[in-house]
There are 2 protein chains.
Amino acid sequence: MIRNGLTAEVSKVSKRVRQEDIAKELGLSINSVSLALKNSKRINEETRQRVQQVAKELNYIPNSIARSLVEKKSKIIGFILPKITNPVQIETAQLIERKLMANGYNMMLMTTDSDRDYESFALDILVSRQVDGIFLFPTNKQNQDKIRSIRNAHIPMVLLSGGNYEPASDSVYMNQYKGAYKAAAHLAQLGHRKIAFIHGGAANMEKYMGYQTALKDNGIEFNPELVITVDKYSYEQGYLSAAKLFPQGGVTALFASSDYLALGALRWCREQGMRVPEDVAIVGFDDLEAAQYAEIPLTSVTYKVEELTTLAVELLYRLITEQEHTTKSKPTRIEIEPSLQIRSSCGYKSQNGEVSACKKG
Amino acid sequence: MIRNGLTAEVSKVSKRVRQEDIAKELGLSINSVSLALKNSKRINEETRQRVQQVAKELNYIPNSIARSLVEKKSKIIGFILPKITNPVQIETAQLIERKLMANGYNMMLMTTDSDRDYESFALDILVSRQVDGIFLFPTNKQNQDKIRSIRNAHIPMVLLSGGNYEPASDSVYMNQYKGAYKAAAHLAQLGHRKIAFIHGGAANMEKYMGYQTALKDNGIEFNPELVITVDKYSYEQGYLSAAKLFPQGGVTALFASSDYLALGALRWCREQGMRVPEDVAIVGFDDLEAAQYAEIPLTSVTYKVEELTTLAVELLYRLITEQEHTTKSKPTRIEIEPSLQIRSSCGYKSQNGEVSACKKG
DNA sequence: TTGTACGCGTTATCAG
DNA sequence: CTGATAACGCGTACAA
């Protein structure tokens with residue numbers, strides 16, 4: 001039943017319009033419509049145009065659920081991260097979302113609250129939703145077997161973490177160990193002997209190792225009393241940690257596993273009238289904008305998030321393409337090396353070996 | 001073909017296992033399996049157990065795509081926001097994701113980069129994906145017609161913005177106008193006459209209005225030279241804006257539409273040796289943790305994000321439930337009123353009307 | 001209690 | 001160039 005306008009029934013009832021509706025409208029078969037809509041050359045130019053015309057008038061929007069079912073791919077990528085409060089992880093998510101979008105993928109975001117079971121649950125959901133791939137910032141306690149099982153199921157997944165161990169799946173990551181090593185070594189080489197460390201627990205084991213090794217390599221004995229574990233990367237936790245660390249005396253340097261922690265500690269020190277870096281040197285991690293614009297611009301461990309996300313997306317695409325034969329080979333590991341962005345919060349060593357604005361151990 | 005273990009074919013080939021596979025394994029029909037899996041009472045307790053047992057052994061994971069197709073709901077909620085760099089919006093997303101998760105929904109996250117066309121595109125994609133609902137932080141230039149068309153299509157959507165205009169869809173929002181009014185009025189009442197304003201352009205019109213009205217109500221003439229528009233909520237933009245504003249002289253107070261901008265400006269002022277709040281008073285917006293732990297703790301406009309997200313989720317659920325008959329009624333508007341979190345960055349007025357630590361205009 | 005048949009909206013294969 | 005017909009995996013009447 002073709003008219004100048006559209007069939008009354010269709011425009012009134014707000015049921016979603018399907019290919020079938022536009023087929024009826026034009027007296028065509030459903031599959032001609034399907035072909036016409038994808039600009040198949042197997043369809044007459046004129047009918048193609050008519051179909052597309054009517055599709056627009058009817059406000060046809062394809063049902064990707066149905067499409068996914070038959071094509072066996074959802075064009076959805078899952079992204080799991082512990083908490084949204086970590087700016088670097090969020091920036092990573094943002095950059096990745098952009099890149100995915102450009103290739104017709106969308107992102108399903110899930111948070112685990114750093115809970116092992118939530119993470120496992122999230123992975124199940126994503127598998128259930130037939131996602132074409134997964135990015136995962138693993139939580140502290142690794143779901144090693146779960147991760148392995150996903151890999152065995154040939155579901156492309158890229159871990160956004162790693163370190164000095166063998167990851168259970170393909171991964172792209174910034175080497176936190178090296179970052180922490182550089183930070184602690186820098187402080188040590190400036191002459192500090194009592195270097196405190198604030199970290200976020202199990203999730204920061206790599207950083208912890210880097211810190212310890214740097215001390216050892218610089219002839220400093222590790223002192224567990226100088227290490228504080230917090231459960232959140234916040235200014236507040238940094239502030240409170242400083243309040244615990246410094247009163248016991250002797251600490252002249254602090255390395256925090258997050259800029260927020262470092263900045264919170266910085267605030268405490270300043271409130272106490274301590275000078276930075278003269279009385280205490282501080283180094284953070286992540287190089288947030290807040291570090292650069294802090295009261296005392298903060299030295300911090302930094303890396304190119306853009307580069308990492310590019311590599312991560314490339315890797316995932318490769319996994320999606322190869323899919324089948326990758327399974328048995330060993331997981332790919334791609335590593336980004338962080339560097340130290342030096343600012344004034346830790347003083348500096350001049351050419352002749354003199355250390356300025358920095359109290360020596 | 002039942003054995004003690006599992007059919008060899010099944011465990012070797014890594015094709016996803018379906019209900020059919022477990023049906024074959026037990027010599028049952030597909031639908032008995034389906035029923036057994038959902039704990040239907042219409043199925044024998046013993047077979048139910050056997051089915052669930054085998055399902056577990058086979059590692060059966062339901063295909064939600066197929067389920068969505070028949071049930072006509074995806075259990076996916078779309079979430080659109082301009083940029084992920086806004087911490088408050090991200091926190092909103094996080095809190096909402098938690099609440100959704102608890103009810104079996106998952107979140108598809110999309111960013112628009114504050115681009116009108118991207119936003120429109122994102123909405124199309126979500127509709128195409130048959131999402132059950134949408135949360136939208138609209139960009140500057142509203143896609144009024146698009147938003148209306150989504151509403152007319154009976155797709156539940158909650159806008160996370162609003163103001164002194166009639167929103168095209170249901171909305172839950174913090175009244176930015178009032179927040180800005182309070183901030184500017186506070187500065188005016190402290191005696192400031194030349195109050196600068198940094199804002200993010202079209203997205204901040206409500207705040208702009210609040211600022212202007214507050215000036216007027218306090219007998220201060222609006223001076224466009226004291227207003228700076230930036231394209232990004234960053235420390236850097238705040239820093240640069242301050243560098244433009246203050247050298248021209250006379251400005252004694254600054255209100256920024258974001259804490260980042262305010263903190264960047266604060267940094268510039270401090271670098272110039274200006275005292276805060278004695279030489280210049282500063283007020284920000286959002287009350288981030290960074291505001292509280294700033295060099296000079298920052299007065300800022302604040303509101304309960306938790307409360308807003310709770311209301312937003314409730315509203316969306318209501319829309320999902322009612323669906324049909326809501327269409328014609330006017331959109332629901334729920335408003336949260338912000339308040340001013342006063343800290344030391346703007347001085348204060350004592351009981352007897354004296355203003356301390358605050359240079360009078 | 002269990003099995004059969006059909007539908008969800010789309011794509012793909014194969015005739016005509 | 002176009003039209004039946006059969007998938008895709010699951011849910012649900014209805015029948016046995």
# chains A, B, ... in the order shown; residues from 1 in each chain; ligands from 1

$ closest_atom_pairs --of "chain A" --to "chain C" --cutoff "9 Å" --atoms "only C-alpha atoms (C1' of nucleotides)" --output "Markdown table"
| residue | atom | partner | partner_atom | distance |
| --- | --- | --- | --- | --- |
| A:Arg18 | CA | C:DG9 | C1' | 7.2 |
| A:Gln19 | CA | C:DG9 | C1' | 7.9 |
| A:Glu20 | CA | C:DG9 | C1' | 8.6 |
| A:Asn31 | CA | C:DT11 | C1' | 8.4 |
| A:Ser34 | CA | C:DT11 | C1' | 8.0 |
| A:Pro62 | CA | C:DT10 | C1' | 8.7 |
| A:Asn63 | CA | C:DG9 | C1' | 6.8 |
| A:Ser64 | CA | C:DT10 | C1' | 8.3 |
| A:Ile65 | CA | C:DG9 | C1' | 8.1 |
| A:Ala66 | CA | C:DG9 | C1' | 5.0 |
| A:Arg67 | CA | C:DT10 | C1' | 5.0 |
| A:Ser68 | CA | C:DT10 | C1' | 8.4 |
| A:Leu69 | CA | C:DT10 | C1' | 8.0 |
| A:Val70 | CA | C:DT11 | C1' | 6.3 |
| A:Glu71 | CA | C:DT11 | C1' | 7.2 |

$ write_last_selection --atoms "C-alpha atoms" --output "PDB file, in the first residue's frame"
ATOM      1  CA  ARG A  18      11.813  -2.666  11.282  1.00  0.00           C
ATOM      2  CA  GLN A  19      13.046  -3.595   7.873  1.00  0.00           C
ATOM      3  CA  GLU A  20       9.813  -5.474   7.462  1.00  0.00           C
ATOM      4  CA  ASN A  31      15.919  -8.951   2.268  1.00  0.00           C
ATOM      5  CA  SER A  34      18.382  -5.313   3.961  1.00  0.00           C
ATOM      6  CA  PRO A  62      18.619  -0.775  12.742  1.00  0.00           C
ATOM      7  CA  ASN A  63      18.359  -3.189  15.626  1.00  0.00           C
ATOM      8  CA  SER A  64      21.915  -4.055  16.465  1.00  0.00           C
ATOM      9  CA  ILE A  65      20.822  -6.743  18.868  1.00  0.00           C
ATOM     10  CA  ALA A  66      19.355  -8.740  16.035  1.00  0.00           C
ATOM     11  CA  ARG A  67      22.363  -8.016  13.906  1.00  0.00           C
ATOM     12  CA  SER A  68      24.720  -9.116  16.613  1.00  0.00           C
ATOM     13  CA  LEU A  69      22.862 -12.363  17.014  1.00  0.00           C
ATOM     14  CA  VAL A  70      23.353 -13.406  13.448  1.00  0.00           C
ATOM     15  CA  GLU A  71      26.764 -11.861  12.879  1.00  0.00           C
TER      16      GLU A  71
END

$ residues_around --residues "B:Tyr60" --least-positions-apart "2" --cutoff "12 Å" --atoms "only C-alpha atoms (C1' of nucleotides)" --output "ChimeraX atom specification"
/A:124,127-128,153 /B:10-11,14-23,33-34,37,51-58,62-63

$ interface_residues --of "chain A" --to "chain D" --cutoff "7 Å" --atoms "only C-alpha atoms (C1' of nucleotides)" --output "PyMOL selection string"
chain A and resi 29+32+42-44+69-70

$ write_last_selection --atoms "N, CA, C and O atoms" --output "PDB file, in the first residue's frame"
ATOM      1  N   SER A  29      10.606  -7.348  -0.653  1.00  0.00           N
ATOM      2  CA  SER A  29      10.888  -8.367   0.343  1.00  0.00           C
ATOM      3  C   SER A  29      11.845  -7.794   1.380  1.00  0.00           C
ATOM      4  O   SER A  29      12.587  -6.847   1.111  1.00  0.00           O
ATOM      5  N   SER A  32      15.521  -7.591   0.299  1.00  0.00           N
ATOM      6  CA  SER A  32      15.893  -6.524  -0.628  1.00  0.00           C
ATOM      7  C   SER A  32      16.164  -5.259   0.169  1.00  0.00           C
ATOM      8  O   SER A  32      17.117  -4.519  -0.092  1.00  0.00           O
ATOM      9  N   ARG A  42      24.225  -5.355  -5.548  1.00  0.00           N
ATOM     10  CA  ARG A  42      23.339  -6.364  -6.117  1.00  0.00           C
ATOM     11  C   ARG A  42      21.901  -5.852  -6.209  1.00  0.00           C
ATOM     12  O   ARG A  42      21.005  -6.586  -6.577  1.00  0.00           O
ATOM     13  N   ILE A  43      21.716  -4.618  -5.810  1.00  0.00           N
ATOM     14  CA  ILE A  43      20.358  -4.084  -5.825  1.00  0.00           C
ATOM     15  C   ILE A  43      20.270  -2.905  -6.799  1.00  0.00           C
ATOM     16  O   ILE A  43      21.235  -2.156  -6.983  1.00  0.00           O
ATOM     17  N   ASN A  44      19.136  -2.801  -7.425  1.00  0.00           N
ATOM     18  CA  ASN A  44      18.910  -1.737  -8.388  1.00  0.00           C
ATOM     19  C   ASN A  44      19.093  -0.360  -7.745  1.00  0.00           C
ATOM     20  O   ASN A  44      18.584  -0.113  -6.661  1.00  0.00           O
ATOM     21  N   LEU A  69      23.200 -10.948  16.853  1.00  0.00           N
ATOM     22  CA  LEU A  69      22.862 -12.363  17.014  1.00  0.00           C
ATOM     23  C   LEU A  69      23.294 -13.169  15.799  1.00  0.00           C
ATOM     24  O   LEU A  69      23.913 -14.226  15.929  1.00  0.00           O
ATOM     25  N   VAL A  70      23.001 -12.638  14.635  1.00  0.00           N
ATOM     26  CA  VAL A  70      23.353 -13.406  13.448  1.00  0.00           C
ATOM     27  C   VAL A  70      24.828 -13.254  13.079  1.00  0.00           C
ATOM     28  O   VAL A  70      25.472 -14.216  12.655  1.00  0.00           O
TER      29      VAL A  70
END

$ select_by_dssp --residues "stretch 81-153 of chain A" --states "alpha helix (DSSP H)" --output "number ranges by chain"
A: 87-102, 116-128, 144-152

$ write_last_selection --atoms "N, CA, C and O atoms" --output "short mmCIF file (atom, residue, chain, number, x, y, z; two decimals), in the first residue's frame"
data_model
loop_
_atom_site.label_atom_id
_atom_site.label_comp_id
_atom_site.auth_asym_id
_atom_site.auth_seq_id
_atom_site.Cartn_x
_atom_site.Cartn_y
_atom_site.Cartn_z
N PRO A 87 42.39 9.13 38.10
CA PRO A 87 42.31 9.97 36.90
C PRO A 87 43.06 9.38 35.72
O PRO A 87 42.65 9.55 34.58
N VAL A 88 44.15 8.70 35.99
CA VAL A 88 44.91 8.15 34.89
C VAL A 88 44.16 7.00 34.23
O VAL A 88 44.10 6.89 33.01
N GLN A 89 43.56 6.17 35.04
CA GLN A 89 42.79 5.07 34.48
C GLN A 89 41.59 5.60 33.70
O GLN A 89 41.23 5.08 32.65
N ILE A 90 41.00 6.65 34.24
CA ILE A 90 39.86 7.23 33.55
C ILE A 90 40.29 7.85 32.23
O ILE A 90 39.61 7.72 31.21
N GLU A 91 41.42 8.51 32.25
CA GLU A 91 41.91 9.09 31.01
C GLU A 91 42.17 7.97 30.00
O GLU A 91 41.88 8.10 28.81
N THR A 92 42.71 6.89 30.49
CA THR A 92 42.94 5.74 29.62
C THR A 92 41.63 5.27 29.00
O THR A 92 41.53 5.05 27.79
N ALA A 93 40.62 5.17 29.84
CA ALA A 93 39.31 4.73 29.35
C ALA A 93 38.78 5.68 28.29
O ALA A 93 38.29 5.27 27.24
N GLN A 94 38.93 6.96 28.57
CA GLN A 94 38.44 7.97 27.64
C GLN A 94 39.12 7.87 26.28
O GLN A 94 38.47 7.84 25.24
N LEU A 95 40.44 7.79 26.31
CA LEU A 95 41.18 7.73 25.05
C LEU A 95 40.82 6.47 24.28
O LEU A 95 40.66 6.48 23.06
N ILE A 96 40.69 5.38 25.01
CA ILE A 96 40.35 4.13 24.35
C ILE A 96 38.94 4.18 23.77
O ILE A 96 38.70 3.73 22.65
N GLU A 97 38.05 4.78 24.51
CA GLU A 97 36.68 4.89 24.00
C GLU A 97 36.66 5.63 22.67
O GLU A 97 36.00 5.23 21.72
N ARG A 98 37.41 6.70 22.60
CA ARG A 98 37.49 7.47 21.36
C ARG A 98 37.94 6.62 20.18
O ARG A 98 37.37 6.64 19.11
N LYS A 99 39.01 5.89 20.44
CA LYS A 99 39.57 5.10 19.35
C LYS A 99 38.60 3.99 18.93
O LYS A 99 38.46 3.68 17.74
N LEU A 100 37.94 3.40 19.91
CA LEU A 100 36.99 2.33 19.59
C LEU A 100 35.84 2.87 18.76
O LEU A 100 35.44 2.31 17.74
N MET A 101 35.33 3.99 19.23
CA MET A 101 34.21 4.66 18.58
C MET A 101 34.50 4.85 17.09
O MET A 101 33.63 4.62 16.25
N ALA A 102 35.70 5.27 16.80
CA ALA A 102 36.08 5.53 15.41
C ALA A 102 35.99 4.27 14.57
O ALA A 102 35.91 4.34 13.35
N ARG A 116 37.75 -8.63 44.19
CA ARG A 116 38.08 -9.78 43.36
C ARG A 116 36.83 -10.45 42.79
O ARG A 116 36.77 -10.83 41.62
N ASP A 117 35.83 -10.59 43.61
CA ASP A 117 34.61 -11.26 43.16
C ASP A 117 33.82 -10.40 42.17
O ASP A 117 33.24 -10.91 41.22
N TYR A 118 33.80 -9.11 42.44
CA TYR A 118 33.14 -8.22 41.51
C TYR A 118 33.80 -8.32 40.14
O TYR A 118 33.16 -8.31 39.10
N GLU A 119 35.12 -8.38 40.17
CA GLU A 119 35.85 -8.45 38.91
C GLU A 119 35.47 -9.71 38.15
O GLU A 119 35.19 -9.68 36.95
N SER A 120 35.44 -10.79 38.86
CA SER A 120 35.07 -12.05 38.25
C SER A 120 33.65 -11.97 37.68
O SER A 120 33.38 -12.41 36.56
N PHE A 121 32.79 -11.38 38.44
CA PHE A 121 31.40 -11.21 38.03
C PHE A 121 31.32 -10.36 36.76
O PHE A 121 30.63 -10.68 35.79
N ALA A 122 32.07 -9.28 36.79
CA ALA A 122 32.07 -8.36 35.64
C ALA A 122 32.52 -9.09 34.38
O ALA A 122 31.94 -8.92 33.30
N LEU A 123 33.53 -9.90 34.52
CA LEU A 123 34.01 -10.66 33.36
C LEU A 123 32.93 -11.59 32.83
O LEU A 123 32.71 -11.69 31.62
N ASP A 124 32.23 -12.24 33.75
CA ASP A 124 31.14 -13.13 33.32
C ASP A 124 30.08 -12.37 32.54
O ASP A 124 29.60 -12.82 31.50
N ILE A 125 29.73 -11.24 33.08
CA ILE A 125 28.70 -10.43 32.41
C ILE A 125 29.13 -10.07 31.00
O ILE A 125 28.36 -10.19 30.05
N LEU A 126 30.36 -9.64 30.89
CA LEU A 126 30.84 -9.23 29.57
C LEU A 126 30.84 -10.40 28.60
O LEU A 126 30.46 -10.26 27.45
N VAL A 127 31.24 -11.54 29.09
CA VAL A 127 31.21 -12.73 28.23
C VAL A 127 29.77 -13.03 27.84
O VAL A 127 29.47 -13.29 26.68
N SER A 128 28.91 -12.96 28.81
CA SER A 128 27.50 -13.21 28.54
C SER A 128 26.94 -12.23 27.50
O SER A 128 26.11 -12.58 26.70
N GLN A 144 43.60 -14.94 38.41
CA GLN A 144 44.43 -15.62 37.41
C GLN A 144 43.68 -16.67 36.60
O GLN A 144 43.73 -16.69 35.38
N ASP A 145 42.96 -17.55 37.29
CA ASP A 145 42.30 -18.64 36.59
C ASP A 145 41.18 -18.12 35.72
O ASP A 145 40.99 -18.56 34.59
N LYS A 146 40.44 -17.16 36.25
CA LYS A 146 39.35 -16.56 35.46
C LYS A 146 39.92 -15.94 34.19
O LYS A 146 39.41 -16.15 33.09
N ILE A 147 40.98 -15.22 34.37
CA ILE A 147 41.61 -14.56 33.23
C ILE A 147 42.09 -15.59 32.21
O ILE A 147 41.89 -15.44 31.00
N ARG A 148 42.66 -16.62 32.72
CA ARG A 148 43.14 -17.67 31.83
C ARG A 148 41.97 -18.32 31.08
O ARG A 148 42.06 -18.62 29.89
N SER A 149 40.89 -18.52 31.80
CA SER A 149 39.76 -19.21 31.16
C SER A 149 39.17 -18.34 30.05
O SER A 149 38.71 -18.84 29.04
N ILE A 150 39.20 -17.05 30.26
CA ILE A 150 38.71 -16.15 29.21
C ILE A 150 39.61 -16.24 28.00
O ILE A 150 39.16 -16.29 26.86
N ARG A 151 40.88 -16.30 28.27
CA ARG A 151 41.83 -16.42 27.17
C ARG A 151 41.62 -17.74 26.44
O ARG A 151 41.64 -17.81 25.20
N ASN A 152 41.39 -18.79 27.19
CA ASN A 152 41.17 -20.09 26.57
C ASN A 152 39.88 -20.11 25.75
O ASN A 152 39.76 -20.88 24.80
#

$ select_by_dssp --residues "stretch 228-347 of chain A" --states "strand (DSSP E)" --output "PyMOL selection string"
chain A and resi 228-229+253-256+281-285+299-302+333-336+339-341

$ residues_around --residues "A:Leu340" --least-positions-apart "5" --cutoff "10 Å" --atoms "only C-alpha atoms (C1' of nucleotides)" --output "ChimeraX atom specification"
/A:179-180,182-183,186,283-287,299-303
